[in-house]
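Asks: Got a structure for you, questions after.
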Amino acid sequence: MPILENKTTELKGGRKDISSSLQIGTTSYKVLRQEYKIDIFSNIPFVLIHIGGLLIFWAGFSRVTLITCFILWFVRMFGITAGYHRYFSHRTYKTSRWFQFILAVLGNSSAQLDPLWWAAHHRHHHLHTDTQEDIHSPTVSGFWWSHMGWIVCPKYSQTNEQNIRDFARYPELRYLNRFPLIVPTLLAIALTATGLLLQYYLPQIKTNGLQMLAWGFFASTVLLYHSVFTINSLAHVFGTRRFDTVDSSRNNLLLAIITLGEGWHNNHHYYPASERQGFYWWEIDITHYILQLLAWLGIVWDLRTPPQKVYDESDCLSTKSSV
């Protein structure tokens, strides 16, 4: 599938911006009860990870476990933003097959299923943003549905390979699609084993296996979940609009900070073919900074940037708004 180019120019004015129709917390329960039925039992791993997060109140913590929690949140967030989103969903840069697989494994370790499933659904979202066909629009289905309700809906449990044919040809990615729980399970086991070894060989740091499991895996995964989910539920609600897109996307500094740059969502929806989502130097985009470093090292290349016409359009809109 080709890179999803911006459709604002063609559709501008052809569809009403429906952001004003948002009703936070008033999800259409009629919709949820019918076609978009929630099935918790078919999403037991997702539920168990949230329950597992409660272990932090029983296991206690140490400096090592808190540092581990942050590092794994950060690294796996990069796997989602640079891998699942900017690479697999939008192909905004190029890389080798081995690093492509590393990005896939990093994203998969976040327990957000595999890159084929994730990118296929995201491409569908861009084709139907904030319409009845959008899988997680807060303006159509409400806050809770867009935040996490759609994830536990059987309707979206499968991968539409027609949306991701370009990457579905790789056997290693198809393997992750078939067995999406292997990598996160191995991570949880490795963290527990590391904690047990630390408890045995370095008892002075007061870290054990249960703490490493609770903080390193469960807590960091839950934090990662809801950091990423805010882009679906809040980045179409709160923030500023630099571009007059046909959806309700917003730019939000706070969301950009907690998602390594994904919060510049209005920028992204205006020109999704860009690797950088912070279009200006003052728009913090940590994922972009890391990808620039990787490009300097020769690990990734051909990072796509917004063309000058995008900046000209931004300047034009800024001038109009100041008049």
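So you can find residues: chains in the structure tokens are A, B, ... in the order shown, residues in each start at 1, and ligands are numbered from 1 in order.
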Would you tabulate, counting only C-alpha atoms, all residues of stretch 212-279 of chain A that have an atom at most 12 Å from an atom of stretch 144-152 of chain A, showing the closest pair of atoms and their distance in Å to one decimal, sorted by chain then ascending number, as a tab-separated table?
Replies:
residue	atom	partner	partner_atom	distance
A:Val222	CA	A:Met148	CA	12.0
A:Tyr225	CA	A:Met148	CA	9.1
A:His226	CA	A:His147	CA	7.9
A:Ser227	CA	A:His147	CA	10.1
A:Val228	CA	A:His147	CA	9.0
A:Phe229	CA	A:His147	CA	5.2
A:Thr230	CA	A:His147	CA	6.4
A:Ile231	CA	A:His147	CA	8.3
A:Asn232	CA	A:Ser146	CA	5.8
A:Ser233	CA	A:His147	CA	4.8
A:Leu234	CA	A:His147	CA	8.2
A:Ala235	CA	A:His147	CA	10.6
A:His236	CA	A:Ser146	CA	10.0
A:Val237	CA	A:Ser146	CA	11.3
Asks: Mind checking which residues fall within 8 Å of stretch 303-313 of chain A, counting only C-alpha atoms, ignoring those fewer than 6 positions away in the same chain, and posting them as a list of chain:residue names?
Replies: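 Near neighbours after the sequence-gap exclusion: A:Thr92, A:Tyr93, A:Lys94, A:Phe243, A:Tyr271, A:Ala273, A:Ser274, A:Glu275, A:Arg276, A:Phe279, A:Ala295.
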Asks: Using only C-alpha atoms, find the one residue out of A:Met212, A:Ile40, A:Ile80, A:Leu116 that sits nearest to A:Val64.
Replies: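 When distances to A:Val64 are compared using only C-alpha atoms, the smallest one comes from A:Met212.
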Asks: Which one is closest to A:Leu187: A:Arg76, A:Arg169, A:His136, A:His122? Count only C-alpha atoms.
Replies: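 Ranking A:Arg76, A:Arg169, A:His136, A:His122 by distance to A:Leu187, first place goes to A:Arg76.
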Asks: Show which residues sit within 12 Å of A:Glu172, as a PyMOL selection string. Count only C-alpha atoms, and ignore same-chain residues fewer than 6 positions away.
Replies: chain A and resi 97-98+100-102+104-105+114-116+178-180
Asks: Now that the selection is made, can you save its residues with C-alpha atoms as a compact mmCIF listing (two decimals), in the first residue's frame?
Replies:
# COMPACT_ATOMS: atom_id res chain seq x y z
CA ARG A 97 15.28 -5.67 6.92
CA TRP A 98 17.14 -6.48 10.14
CA GLN A 100 12.80 -3.37 10.44
CA PHE A 101 12.51 -6.56 12.49
CA ILE A 102 14.05 -4.88 15.54
CA ALA A 104 8.73 -4.82 14.99
CA VAL A 105 9.97 -6.67 18.08
CA ASP A 114 1.95 -6.91 16.05
CA PRO A 115 2.95 -4.34 13.41
CA LEU A 116 0.68 -5.77 10.71
CA ARG A 178 0.24 -15.13 14.32
CA PHE A 179 1.88 -15.26 17.75
CA PRO A 180 1.73 -11.70 19.16
Asks: Using only C-alpha atoms, which residues sit within 10 Å of A:Trp118 once same-chain residues fewer than 6 positions away are excluded, as a list in words?
Replies: Ile80, Tyr84, His85, Phe88, Ser89, Gly107, Asn108, Gln112, Thr159, Ile164 and Asn177 of chain A
Asks: Take atom CA of A:Ser137 and atom CA of A:Asn266 and report the distance between them in Å, one decimal.
Replies: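 About the pair atom CA of A:Ser137 and atom CA of A:Asn266: they are 14.3 Å apart.
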Asks: So which one's closest to A:Gly195, A:Ala59, A:Ala219, A:Ile257, A:Leu173? Using only C-alpha atoms, please.
Replies: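 Nearest to A:Gly195: A:Ala59.
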Asks: So that I can check the surroundings of A:Thr194, please list as a list of chain:residue names every protein, DNA and RNA residue that reaches within 10 Å of it, counting only C-alpha atoms and ignoring chain neighbours fewer than 5 positions away.
Replies: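 Skipping anything fewer than 5 positions along the chain leaves A:Ala188, A:Ile189, A:Gln199, A:Tyr200, A:Thr207, A:Asn208, A:Gly209, A:Met212, A:Leu213.
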Asks: For the residues in the current selection, export N, CA and C atoms as an mmCIF file, in the first residue's frame.
Replies:
data_model
loop_
_atom_site.group_PDB
_atom_site.id
_atom_site.type_symbol
_atom_site.label_atom_id
_atom_site.label_comp_id
_atom_site.auth_asym_id
_atom_site.auth_seq_id
_atom_site.Cartn_x
_atom_site.Cartn_y
_atom_site.Cartn_z
ATOM 1 N N ALA A 188 8.490 -10.471 30.103
ATOM 2 C CA ALA A 188 8.052 -10.605 31.497
ATOM 3 C C ALA A 188 8.877 -11.659 32.233
ATOM 4 N N ILE A 189 9.148 -12.778 31.575
ATOM 5 C CA ILE A 189 9.954 -13.837 32.189
ATOM 6 C C ILE A 189 11.382 -13.358 32.432
ATOM 7 N N GLN A 199 18.382 -10.169 43.380
ATOM 8 C CA GLN A 199 18.094 -10.450 44.790
ATOM 9 C C GLN A 199 19.135 -11.399 45.388
ATOM 10 N N TYR A 200 19.602 -12.343 44.584
ATOM 11 C CA TYR A 200 20.556 -13.340 45.083
ATOM 12 C C TYR A 200 21.980 -12.787 45.145
ATOM 13 N N THR A 207 16.152 -5.399 45.482
ATOM 14 C CA THR A 207 15.307 -5.624 44.309
ATOM 15 C C THR A 207 15.058 -7.116 44.163
ATOM 16 N N ASN A 208 13.822 -7.496 43.847
ATOM 17 C CA ASN A 208 13.511 -8.910 43.680
ATOM 18 C C ASN A 208 12.718 -9.152 42.397
ATOM 19 N N GLY A 209 12.433 -10.412 42.135
ATOM 20 C CA GLY A 209 11.750 -10.782 40.902
ATOM 21 C C GLY A 209 10.356 -10.216 40.773
ATOM 22 N N MET A 212 10.525 -6.508 39.832
ATOM 23 C CA MET A 212 10.894 -6.295 38.429
ATOM 24 C C MET A 212 9.732 -6.633 37.501
ATOM 25 N N LEU A 213 8.979 -7.676 37.836
ATOM 26 C CA LEU A 213 7.809 -8.021 37.036
ATOM 27 C C LEU A 213 6.740 -6.945 37.148
#
Asks: Any idea what the distance is between atom CA of A:Phe167 and atom CA of A:Cys153?
Replies: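 Separation between atom CA of A:Phe167 and atom CA of A:Cys153: 24.4 Å.
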Asks: Report as number ranges by chain all protein, DNA and RNA residues lying within 8 Å of stretch 123-132 of chain A, evaluated on only C-alpha atoms, omitting residues in the same chain fewer than 3 positions from it.
Replies: A: 4, 18, 89-90, 119-120, 135-140, 163, 247-248, 269
